[in-house]
$ cat data-v2.tsv   # TSV, C-alpha atoms
chain	number	residue	atom	x	y	z
A	30	MET	CA	112.19	81.99	148.02
A	31	THR	CA	112.53	80.59	144.51
A	32	GLN	CA	115.73	81.51	142.71
A	33	LEU	CA	115.08	83.16	139.31
A	34	LYS	CA	116.59	81.11	136.51
A	35	LYS	CA	119.57	82.83	134.87
A	36	ARG	CA	120.67	82.51	131.27
A	37	MET	CA	123.53	83.90	129.19
A	38	VAL	CA	122.00	85.73	126.25
A	39	GLN	CA	123.87	86.64	123.09
A	40	LEU	CA	122.75	89.82	121.37
A	41	GLU	CA	123.82	91.10	117.97
A	42	VAL	CA	122.98	94.79	117.98
A	43	LEU	CA	123.16	97.18	115.03
A	44	ARG	CA	125.33	100.14	116.05
A	45	TYR	CA	125.65	103.47	114.29
A	46	ASP	CA	127.48	106.52	115.53
A	47	PRO	CA	126.79	109.44	113.16
A	48	GLU	CA	129.96	111.18	114.34
A	49	LYS	CA	132.30	108.26	113.54
A	50	ASP	CA	130.59	105.73	111.26
A	51	THR	CA	129.82	105.92	107.56
A	52	GLU	CA	127.43	102.98	107.87
A	53	PRO	CA	125.97	100.80	110.65
A	54	HIS	CA	127.67	97.60	111.84
A	55	PHE	CA	126.71	94.75	114.17
A	56	GLN	CA	128.23	94.43	117.63
A	57	LYS	CA	127.95	91.27	119.72
A	58	TYR	CA	127.26	91.23	123.46
A	59	THR	CA	126.88	88.33	125.85
A	60	VAL	CA	124.98	89.28	128.97
A	61	GLU	CA	123.52	87.42	131.94
A	62	CYS	CA	119.73	87.67	132.01
A	63	ASN	CA	116.84	86.31	133.99
A	64	GLU	CA	114.78	83.79	132.02
A	65	GLU	CA	111.68	85.98	132.51
A	66	TRP	CA	113.26	89.07	130.99
A	67	VAL	CA	112.38	90.75	127.75
A	68	VAL	CA	114.78	92.00	125.06
A	69	LEU	CA	114.57	95.52	126.52
A	70	ASP	CA	115.83	94.18	129.89
A	71	ALA	CA	118.76	92.52	128.12
A	72	LEU	CA	119.62	95.81	126.38
A	73	ASN	CA	119.42	97.65	129.69
A	74	ALA	CA	121.71	95.03	131.24
A	75	VAL	CA	124.20	95.59	128.40
A	76	LYS	CA	124.03	99.34	128.92
A	77	GLU	CA	124.48	99.07	132.69
A	78	THR	CA	127.18	96.41	132.82
A	79	ILE	CA	129.01	96.28	129.49
A	80	ASP	CA	128.58	99.27	127.18
A	81	PRO	CA	127.10	102.57	128.41
A	82	THR	CA	127.34	104.05	124.91
A	83	LEU	CA	124.49	101.88	123.55
A	84	ASN	CA	121.49	104.06	122.62
A	85	PHE	CA	117.84	103.03	122.48
A	86	ARG	CA	114.46	104.54	123.37
A	87	TRP	CA	112.15	103.20	126.02
A	88	SER	CA	109.84	104.47	128.70
A	89	CYS	CA	106.94	102.49	130.21
A	90	HIS	CA	108.18	98.86	129.94
A	91	MET	CA	104.56	97.71	129.70
A	92	ALA	CA	103.59	97.99	126.00
A	93	VAL	CA	101.74	101.25	126.45
A	94	CYS	CA	104.06	104.10	125.47
A	95	GLY	CA	105.14	102.71	122.08
A	96	SER	CA	108.74	103.98	122.41
A	97	CYS	CA	110.77	100.77	122.33
A	98	GLY	CA	109.92	99.40	118.89
A	99	MET	CA	112.84	97.51	117.29
A	100	MET	CA	113.47	94.75	114.80
A	101	VAL	CA	114.03	91.56	116.79
A	102	ASN	CA	115.30	88.78	114.53
A	103	GLY	CA	113.91	90.74	111.59
A	104	GLU	CA	110.42	91.17	113.03
A	105	PRO	CA	109.04	94.52	114.27
A	106	LYS	CA	108.48	94.15	118.02
A	107	LEU	CA	108.08	96.23	121.13
A	108	SER	CA	111.28	95.18	122.89
A	109	CYS	CA	109.45	95.33	126.23
A	110	HIS	CA	107.04	92.75	124.87
A	111	ALA	CA	109.61	90.40	123.27
A	112	PHE	CA	110.32	87.71	125.86
A	113	LEU	CA	113.80	86.18	125.82
A	114	ARG	CA	112.29	82.72	126.35
A	115	SER	CA	110.74	83.02	122.85
A	116	TYR	CA	114.19	83.16	121.24
A	117	GLU	CA	117.00	80.66	120.87
A	118	GLY	CA	120.60	81.37	119.93
A	119	VAL	CA	121.83	84.83	119.02
A	120	ILE	CA	119.13	87.51	119.09
A	121	ARG	CA	119.61	90.10	116.38
A	122	VAL	CA	118.36	93.57	117.35
A	123	GLU	CA	118.11	96.38	114.79
A	124	PRO	CA	116.40	99.77	114.66
A	125	LEU	CA	112.85	99.77	113.28
A	126	ALA	CA	112.99	99.12	109.54
A	127	ASN	CA	111.95	101.80	107.01
A	128	PHE	CA	113.04	104.70	109.24
A	129	PRO	CA	116.38	106.52	109.10
A	130	ILE	CA	118.77	105.60	111.91
A	131	GLU	CA	119.59	108.51	114.22
A	132	ARG	CA	122.01	106.55	116.42
A	133	ASP	CA	122.24	102.83	117.28
A	134	LEU	CA	118.66	101.64	117.83
A	135	VAL	CA	117.16	105.13	117.78
A	136	THR	CA	115.29	106.03	114.59
A	137	VAL	CA	114.10	109.34	113.16
A	138	ALA	CA	110.32	109.44	113.57
A	139	ASP	CA	109.79	112.88	111.97
A	140	ASP	CA	108.14	111.51	108.83
A	141	PHE	CA	105.53	109.55	110.79
A	142	LEU	CA	104.81	112.46	113.13
A	143	GLU	CA	104.35	114.83	110.18
A	144	LYS	CA	101.91	112.41	108.53
A	145	LEU	CA	100.06	111.88	111.78
A	146	LYS	CA	99.58	115.65	112.05
A	147	ARG	CA	98.27	115.85	108.48
A	148	VAL	CA	95.39	113.41	109.11
A	149	LYS	CA	94.07	115.53	112.02
A	150	PRO	CA	93.85	112.72	114.57
A	151	TYR	CA	91.56	114.54	116.94
A	152	LEU	CA	87.85	115.19	117.31
A	153	ILE	CA	86.50	117.93	115.05
A	154	PRO	CA	82.98	118.36	116.48
A	155	LYS	CA	80.07	118.45	114.01
A	156	GLU	CA	78.57	121.36	115.87
A	157	LYS	CA	79.98	123.76	118.38
A	158	LYS	CA	78.59	123.40	121.86
A	159	SER	CA	79.08	125.56	124.91
A	160	ILE	CA	80.00	123.92	128.20
A	161	GLU	CA	76.51	124.78	129.50
A	162	GLN	CA	74.96	122.73	126.68
A	163	GLY	CA	76.63	119.62	128.06
A	164	GLU	CA	78.79	116.83	126.70
A	165	PHE	CA	78.62	115.06	123.32
A	166	LYS	CA	76.86	111.80	124.10
A	167	GLN	CA	77.59	108.47	122.48
A	168	THR	CA	75.98	105.04	122.75
A	169	PRO	CA	78.09	101.90	123.42
A	170	ALA	CA	77.32	100.74	119.85
A	171	GLN	CA	78.64	104.03	118.43
A	172	LEU	CA	81.77	103.62	120.56
A	173	MET	CA	82.35	100.05	119.36
A	174	LYS	CA	82.39	101.27	115.75
A	175	PHE	CA	85.84	102.82	116.24
A	176	ARG	CA	87.07	101.55	119.62
A	177	GLN	CA	89.70	99.10	118.35
A	178	PHE	CA	91.39	101.82	116.27
A	179	SER	CA	91.72	104.05	119.32
A	180	MET	CA	94.01	101.41	120.87
A	181	CYS	CA	96.89	102.51	118.60
A	182	ILE	CA	99.93	103.62	120.61
A	183	ASN	CA	101.86	105.15	117.67
A	184	CYS	CA	104.68	102.64	118.06
A	185	MET	CA	105.32	102.59	114.27
A	186	LEU	CA	105.73	98.80	114.12
A	187	CYS	CA	103.17	98.77	111.31
A	188	TYR	CA	105.34	101.14	109.26
A	189	ALA	CA	108.37	98.91	109.82
A	190	ALA	CA	106.35	95.93	108.53
A	191	CYS	CA	104.81	97.69	105.54
A	192	PRO	CA	106.63	97.04	102.23
A	193	GLU	CA	104.56	99.77	100.53
A	194	TYR	CA	105.99	102.34	102.95
A	195	ALA	CA	109.48	100.90	102.39
A	196	LEU	CA	109.16	101.33	98.62
A	197	GLN	CA	107.03	104.51	98.56
A	198	PRO	CA	107.96	106.67	101.57
A	199	LYS	CA	105.33	109.26	100.57
A	200	PHE	CA	102.63	106.71	101.60
A	201	ILE	CA	100.70	108.15	104.55
A	202	GLY	CA	100.88	104.70	106.07
A	203	PRO	CA	98.89	102.31	108.28
A	204	ALA	CA	98.74	103.94	111.73
A	205	ALA	CA	98.00	107.47	110.54
A	206	ILE	CA	95.20	106.30	108.23
A	207	ALA	CA	93.80	103.95	110.90
A	208	LEU	CA	93.66	106.90	113.31
A	209	ALA	CA	92.01	109.11	110.68
A	210	HIS	CA	89.45	106.31	110.22
A	211	ARG	CA	88.98	106.13	113.99
A	212	TYR	CA	87.83	109.77	114.05
A	213	ASN	CA	85.85	109.46	110.81
A	214	GLN	CA	83.88	106.63	112.44
A	215	ASP	CA	83.18	108.67	115.58
A	216	SER	CA	79.54	109.77	115.80
A	217	ARG	CA	80.61	113.07	117.40
A	218	ASP	CA	83.03	113.97	114.62
A	219	GLY	CA	82.43	116.16	111.58
A	220	GLY	CA	85.96	116.33	110.14
A	221	ARG	CA	85.77	113.53	107.56
A	222	ASP	CA	85.88	115.80	104.50
A	223	GLU	CA	89.10	117.43	105.75
A	224	ARG	CA	90.74	114.05	106.41
A	225	GLN	CA	89.57	112.55	103.11
A	226	GLU	CA	91.64	115.18	101.30
A	227	VAL	CA	94.71	113.54	102.83
A	228	ILE	CA	93.81	109.85	103.07
A	229	ALA	CA	91.56	109.22	100.03
A	230	THR	CA	94.43	109.99	97.68
A	231	ASN	CA	97.18	108.21	95.76
A	232	GLU	CA	99.58	108.64	98.64
A	233	GLY	CA	96.82	107.68	101.06
A	234	VAL	CA	94.77	104.48	100.93
A	235	TRP	CA	95.28	103.93	97.20
A	236	GLU	CA	98.99	103.32	97.78
A	237	CYS	CA	98.02	100.34	99.95
A	238	SER	CA	97.89	96.99	98.15
A	239	PHE	CA	96.68	95.11	101.23
A	240	VAL	CA	99.74	93.13	102.20
A	241	GLY	CA	98.23	92.97	105.69
A	242	ALA	CA	101.60	92.92	107.49
A	243	CYS	CA	100.64	96.00	109.54
A	244	SER	CA	97.83	94.14	111.30
A	245	GLU	CA	99.95	91.02	111.82
A	246	VAL	CA	102.65	92.89	113.77
A	247	CYS	CA	100.44	95.31	115.74
A	248	PRO	CA	101.15	94.74	119.47
A	249	LYS	CA	97.76	96.19	120.45
A	250	ALA	CA	95.66	94.00	118.11
A	251	VAL	CA	94.54	97.00	116.09
A	252	ASP	CA	93.69	96.16	112.49
A	253	PRO	CA	95.14	99.00	110.39
A	254	ALA	CA	94.83	96.89	107.22
A	255	GLY	CA	91.10	96.62	107.90
A	256	ALA	CA	90.85	100.38	108.46
A	257	LEU	CA	92.53	101.09	105.13
A	258	GLN	CA	90.23	98.74	103.21
A	259	GLN	CA	87.18	100.29	104.89
A	260	VAL	CA	88.37	103.75	103.85
A	261	LYS	CA	88.79	102.44	100.28
A	262	VAL	CA	85.22	101.09	100.27
A	263	ALA	CA	83.81	104.34	101.71
A	264	SER	CA	85.83	106.48	99.26
A	265	THR	CA	84.62	104.37	96.32
A	266	ILE	CA	81.01	104.82	97.44
A	267	ASP	CA	81.70	108.60	97.69
A	268	TRP	CA	83.00	108.56	94.10
A	269	PHE	CA	79.93	106.75	92.76
A	270	LYS	CA	77.59	109.08	94.65
A	271	GLU	CA	79.42	112.12	93.34
A	272	HIS	CA	79.53	110.96	89.72
A	273	LEU	CA	76.33	108.96	89.30
A	274	LEU	CA	73.74	110.63	91.51
A	275	PRO	CA	71.88	113.65	90.16
A	276	GLY	CA	73.52	116.83	91.42
A	277	GLY	CA	76.66	114.95	92.46
A	278	ALA	CA	75.33	114.42	95.95
A	279	LYS	CA	77.91	113.58	98.61
B	20	MET	CA	126.10	117.79	117.86
B	21	SER	CA	125.57	117.24	114.16
B	22	ARG	CA	122.87	114.93	112.85
B	23	LYS	CA	123.62	112.47	110.08
B	24	PRO	CA	120.72	110.00	109.89
B	25	TYR	CA	121.55	106.80	108.03
B	26	ILE	CA	119.02	105.59	105.46
B	27	ARG	CA	118.92	101.86	104.81
B	28	GLN	CA	118.22	101.00	101.17
B	29	VAL	CA	115.43	98.60	100.28
B	30	SER	CA	115.85	96.38	97.23
B	31	LYS	CA	113.10	97.15	94.71
B	32	THR	CA	113.44	93.69	93.14
B	33	SER	CA	113.93	91.29	96.03
B	34	TRP	CA	112.21	92.89	99.06
B	35	TYR	CA	109.53	90.20	99.10
B	36	LEU	CA	112.09	87.45	99.73
B	37	LYS	CA	112.75	88.85	103.22
B	38	GLN	CA	109.60	87.64	104.93
B	39	PRO	CA	107.25	84.65	104.43
B	40	ARG	CA	104.29	87.04	104.73
B	41	TYR	CA	105.60	89.08	101.80
B	42	MET	CA	105.98	85.87	99.77
B	43	ARG	CA	102.36	84.97	100.57
B	44	TYR	CA	101.32	88.42	99.40
B	45	MET	CA	103.26	88.06	96.15
B	46	SER	CA	101.75	84.62	95.55
B	47	ARG	CA	98.35	86.34	95.64
B	48	GLU	CA	99.43	89.21	93.41
B	49	VAL	CA	101.02	86.96	90.78
B	50	THR	CA	97.65	85.30	90.20
B	51	CYS	CA	96.64	88.36	88.16
B	52	ILE	CA	98.91	87.20	85.32
B	53	PHE	CA	97.06	83.89	85.02
B	54	ILE	CA	93.63	85.44	85.43
B	55	GLY	CA	94.58	88.05	82.81
B	56	ALA	CA	95.65	85.23	80.46
B	57	PHE	CA	92.29	83.52	80.94
B	58	ALA	CA	90.45	86.79	80.27
B	59	LEU	CA	92.37	87.12	76.98
B	60	LEU	CA	91.44	83.54	76.11
B	61	MET	CA	87.78	84.41	76.72
B	62	VAL	CA	88.06	87.47	74.45
B	63	CYS	CA	89.49	85.22	71.73
B	64	ALA	CA	86.64	82.74	72.30
B	65	VAL	CA	84.02	85.49	71.90
B	66	GLU	CA	85.75	86.75	68.75
B	67	ARG	CA	85.76	83.25	67.21
B	68	LEU	CA	82.13	82.79	68.25
B	69	SER	CA	81.24	85.94	66.34
B	70	GLN	CA	82.80	84.37	63.23
B	71	GLY	CA	80.34	81.48	63.25
B	72	GLN	CA	79.91	77.94	64.54
B	73	ALA	CA	82.74	76.39	62.50
B	74	ALA	CA	85.27	78.97	63.69
B	75	PHE	CA	84.20	78.50	67.31
B	76	GLU	CA	84.35	74.71	67.11
B	77	SER	CA	87.85	74.79	65.62
B	78	PHE	CA	88.90	77.16	68.43
B	79	MET	CA	87.44	74.78	71.02
B	80	ALA	CA	89.31	71.92	69.40
B	81	THR	CA	92.61	73.78	69.85
B	82	ILE	CA	92.04	74.26	73.58
B	83	THR	CA	90.94	70.74	74.45
B	84	GLY	CA	94.27	68.96	74.06
B	85	PRO	CA	96.31	67.70	77.07
B	86	TRP	CA	98.60	70.77	77.13
B	87	SER	CA	95.65	73.12	77.00
B	88	PHE	CA	94.03	71.14	79.78
B	89	LEU	CA	97.20	71.45	81.85
B	90	GLY	CA	97.36	75.20	81.17
B	91	LEU	CA	93.70	75.68	82.10
B	92	PHE	CA	94.21	73.62	85.25
B	93	VAL	CA	97.12	75.87	86.30
B	94	ILE	CA	94.96	78.95	85.62
B	95	LEU	CA	92.13	77.43	87.65
B	96	ALA	CA	94.52	76.70	90.55
B	97	PHE	CA	95.72	80.32	90.58
B	98	ALA	CA	92.15	81.62	90.26
B	99	VAL	CA	91.10	79.53	93.27
B	100	HIS	CA	94.13	80.79	95.20
B	101	ASN	CA	93.17	84.39	94.33
B	102	ALA	CA	89.50	83.91	95.24
B	103	THR	CA	90.13	82.13	98.56
B	104	ASN	CA	92.72	84.76	99.56
B	105	TRP	CA	90.29	87.60	98.95
B	106	PHE	CA	87.31	85.79	100.49
B	107	ASN	CA	89.32	85.19	103.65
B	108	VAL	CA	90.09	88.91	104.12
B	109	THR	CA	86.59	90.24	103.35
B	110	PRO	CA	85.68	90.65	107.05
B	111	LYS	CA	88.43	93.28	107.30
B	112	ALA	CA	86.97	95.36	104.46
B	113	MET	CA	83.32	94.73	105.23
B	114	PRO	CA	82.81	94.31	108.98
B	115	VAL	CA	79.16	93.88	109.97
B	116	GLN	CA	78.23	95.50	113.26
B	117	ILE	CA	75.10	94.30	115.01
B	118	GLY	CA	74.41	96.46	118.05
B	119	GLU	CA	77.56	96.53	120.17
B	120	GLU	CA	79.03	93.39	118.61
B	121	PHE	CA	80.66	92.61	115.29
B	122	LEU	CA	79.43	89.59	113.37
B	123	ASN	CA	82.03	86.81	113.49
B	124	GLY	CA	84.14	87.03	110.33
B	125	LYS	CA	83.61	83.34	109.53
B	126	TYR	CA	79.98	84.07	108.59
B	127	ILE	CA	81.04	86.81	106.14
B	128	VAL	CA	83.69	84.53	104.62
B	129	GLY	CA	81.21	81.61	104.61
B	130	ALA	CA	78.62	83.72	102.77
B	131	HIS	CA	81.16	84.39	100.02
B	132	TYR	CA	81.96	80.69	99.64
B	133	ALA	CA	78.23	79.87	99.58
B	134	ILE	CA	77.57	82.46	96.82
B	135	TRP	CA	80.60	81.10	94.92
B	136	ILE	CA	79.27	77.52	95.05
B	137	VAL	CA	75.75	78.57	94.00
B	138	ALA	CA	77.11	80.72	91.14
B	139	SER	CA	79.32	77.83	89.97
B	140	LEU	CA	76.35	75.44	89.99
B	141	VAL	CA	74.27	77.92	87.99
B	142	VAL	CA	77.06	78.28	85.40
B	143	LEU	CA	77.46	74.49	85.18
B	144	PHE	CA	73.69	74.14	84.76
B	145	PHE	CA	73.56	76.63	81.87
B	146	ALA	CA	76.68	75.03	80.36
B	147	GLY	CA	74.74	71.78	80.23
B	148	VAL	CA	77.15	69.90	82.50
B	149	MET	CA	74.49	69.29	85.14
$ encode --input "data-v2.tsv" --output "structure tokens"
Amino acid sequence: MTQLKKRMVQLEVLRYDPEKDTEPHFQKYTVECNEEWVVLDALNAVKETIDPTLNFRWSCHMAVCGSCGMMVNGEPKLSCHAFLRSYEGVIRVEPLANFPIERDLVTVADDFLEKLKRVKPYLIPKEKKSIEQGEFKQTPAQLMKFRQFSMCINCMLCYAACPEYALQPKFIGPAAIALAHRYNQDSRDGGRDERQEVIATNEGVWECSFVGACSEVCPKAVDPAGALQQVKVASTIDWFKEHLLPGGAK
Amino acid sequence: MSRKPYIRQVSKTSWYLKQPRYMRYMSREVTCIFIGAFALLMVCAVERLSQGQAAFESFMATITGPWSFLGLFVILAFAVHNATNWFNVTPKAMPVQIGEEFLNGKYIVGAHYAIWIVASLVVLFFAGVM
């Protein structure tokens, strides 16, 4: 049986204990890791063998649950998806940028969750149907129109990458707007007008200046930047229809 | 257990120095200053044109020296940077779906470059250069 290659990994982790600290500070750990491990494995090794007080969120370890987002060497990453072999020297691990730090690597996600709720990220059927009337059907082409946006796992990496959100925290932000767009694009949905009230506003898409960082860091290859620009185009067309067409047709 | 979340401050003046991608973004945004300057120059040109041929020709004489040429070249460089940046991201804003597939973005970008070249040739033709 082949022996797994071992490596001593140095981590520099931002620590914050709300009961003792007035501000966060870095703590260094050196831990033995397998070459195949990811940053999350290294953190778990630290917690199990060196420092049980280290706090961080994780769950699935397979880039599906979206819990383990962190800044790894300044870049928003899912720590279960950040392979140690991609890094040399000391690996700096910090909580996701642009969110308050609850404790160590755990951030406060309340703001994102509140915004997500506001955009109504669920199907609002155009017409009510009884179970006897059957399901809402959709063609593969209609599915493809929004499919990529439904891959979002709410990991908030896009918020950590977005300088607009950093500077204007009222910005609804990439993931929430991309998910609103996902439902707006769904042929079965009739809730666009309700969502437009939230996303076609100054704190919605018009706060976005298309930096594009959100799409660059997305671990699921969703394109939130694209979603936001598409909402801008559609909202602009709405405006022209409302103001230039006779009767202000929508 | 009491909660005391710590909020990290973001510098309003130097945030874009943190990441190369933010610098790229700012390099695109800063082009507006140069394009704005050129728009002002055009307004001046139109104003002088309205004052007659002599006024317009003296205006043209002031912007044909080596320093003017250098300034216009810098403006052109920034304008090209602005245009290519926006052309390259058009597939994100205007995806074209054909059946179950999306048209490859390079065709959308390519169409913009093609229109740009044709429009430039038309302008050069009417300007008497071609």
$ interface_residues --input "data-v2.tsv" --of "chain B" --to "chain A" --cutoff "7 Å" --atoms "all atoms listed in the file" --output "mmCIF file with C-alpha atoms, in the frame of the given file"
data_model
loop_
_atom_site.group_PDB
_atom_site.id
_atom_site.type_symbol
_atom_site.label_atom_id
_atom_site.label_comp_id
_atom_site.auth_asym_id
_atom_site.auth_seq_id
_atom_site.Cartn_x
_atom_site.Cartn_y
_atom_site.Cartn_z
ATOM 1 C CA ARG B 22 122.870 114.930 112.850
ATOM 2 C CA LYS B 23 123.620 112.470 110.080
ATOM 3 C CA PRO B 24 120.720 110.000 109.890
ATOM 4 C CA TYR B 25 121.550 106.800 108.030
ATOM 5 C CA ILE B 26 119.020 105.590 105.460
ATOM 6 C CA ARG B 27 118.920 101.860 104.810
ATOM 7 C CA VAL B 29 115.430 98.600 100.280
ATOM 8 C CA LYS B 31 113.100 97.150 94.710
ATOM 9 C CA TYR B 44 101.320 88.420 99.400
ATOM 10 C CA LYS B 111 88.430 93.280 107.300
ATOM 11 C CA ALA B 112 86.970 95.360 104.460
ATOM 12 C CA MET B 113 83.320 94.730 105.230
ATOM 13 C CA GLY B 118 74.410 96.460 118.050
ATOM 14 C CA GLU B 119 77.560 96.530 120.170
#
$ residues_around --input "data-v2.tsv" --residues "Leu145 in chain A" --least-positions-apart "6" --cutoff "9 Å" --atoms "all atoms listed in the file" --output "list in words"
Ile201, Ala204, Ala205, Ile206, Leu208 and Ala209 of chain A
$ residues_near_point --input "data-v2.tsv" --point "(122.6, 84.3, 133.6)" --cutoff "12 Å" --atoms "all atoms listed in the file" --output "PyMOL selection string"
chain A and resi 32-39+59-66+71+74+113
$ closest_residue --input "data-v2.tsv" --among "B:Leu59, B:Leu91, B:His131, B:Thr32" --to "Pro110 in chain B" --atoms "all atoms listed in the file"
B:His131
$ atom_distance --input "data-v2.tsv" --atom1 "CA of Glu223 in chain A" --atom2 "CA of Phe121 in chain B"
27.9 Å
$ closest_residue --input "data-v2.tsv" --among "A:Glu123, A:Cys181, A:Cys243, A:Lys157" --to "Phe55 in chain A" --atoms "all atoms listed in the file"
A:Glu123
$ atom_distance --input "data-v2.tsv" --atom1 "CA of His90 in chain A" --atom2 "CA of Lys146 in chain A"
26.0 Å
$ atom_distance --input "data-v2.tsv" --atom1 "CA of Leu68 in chain B" --atom2 "CA of Ile52 in chain B"
24.3 Å
$ closest_residue --input "data-v2.tsv" --among "A:Pro124, A:Val93, A:Phe178, A:Tyr58" --to "Lys76 in chain A" --atoms "all atoms listed in the file"
A:Tyr58
$ residues_around --input "data-v2.tsv" --residues "Ser88 in chain A" --least-positions-apart "5" --cutoff "12 Å" --atoms "all atoms listed in the file" --output "PyMOL selection string"
chain A and resi 69-70+73+93-98+107-109+184
$ axis_aligned_box --input "data-v2.tsv" --around "range 40-50 of chain B" --padding-each-side "5 Å" --output "JSON"
{"center_x": 101.8, "center_y": 86.9, "center_z": 97.5, "size_x": 18.3, "size_y": 14.6, "size_z": 24.5}
$ residues_around --input "data-v2.tsv" --residues "Thr50 in chain B" --least-positions-apart "2" --cutoff "9 Å" --atoms "all atoms listed in the file" --output "list in words"
Met45, Ser46, Arg47, Glu48, Ile52, Phe53, Ile54, Gly55, Ile94, Phe97, Ala98, His100 and Asn101 of chain B
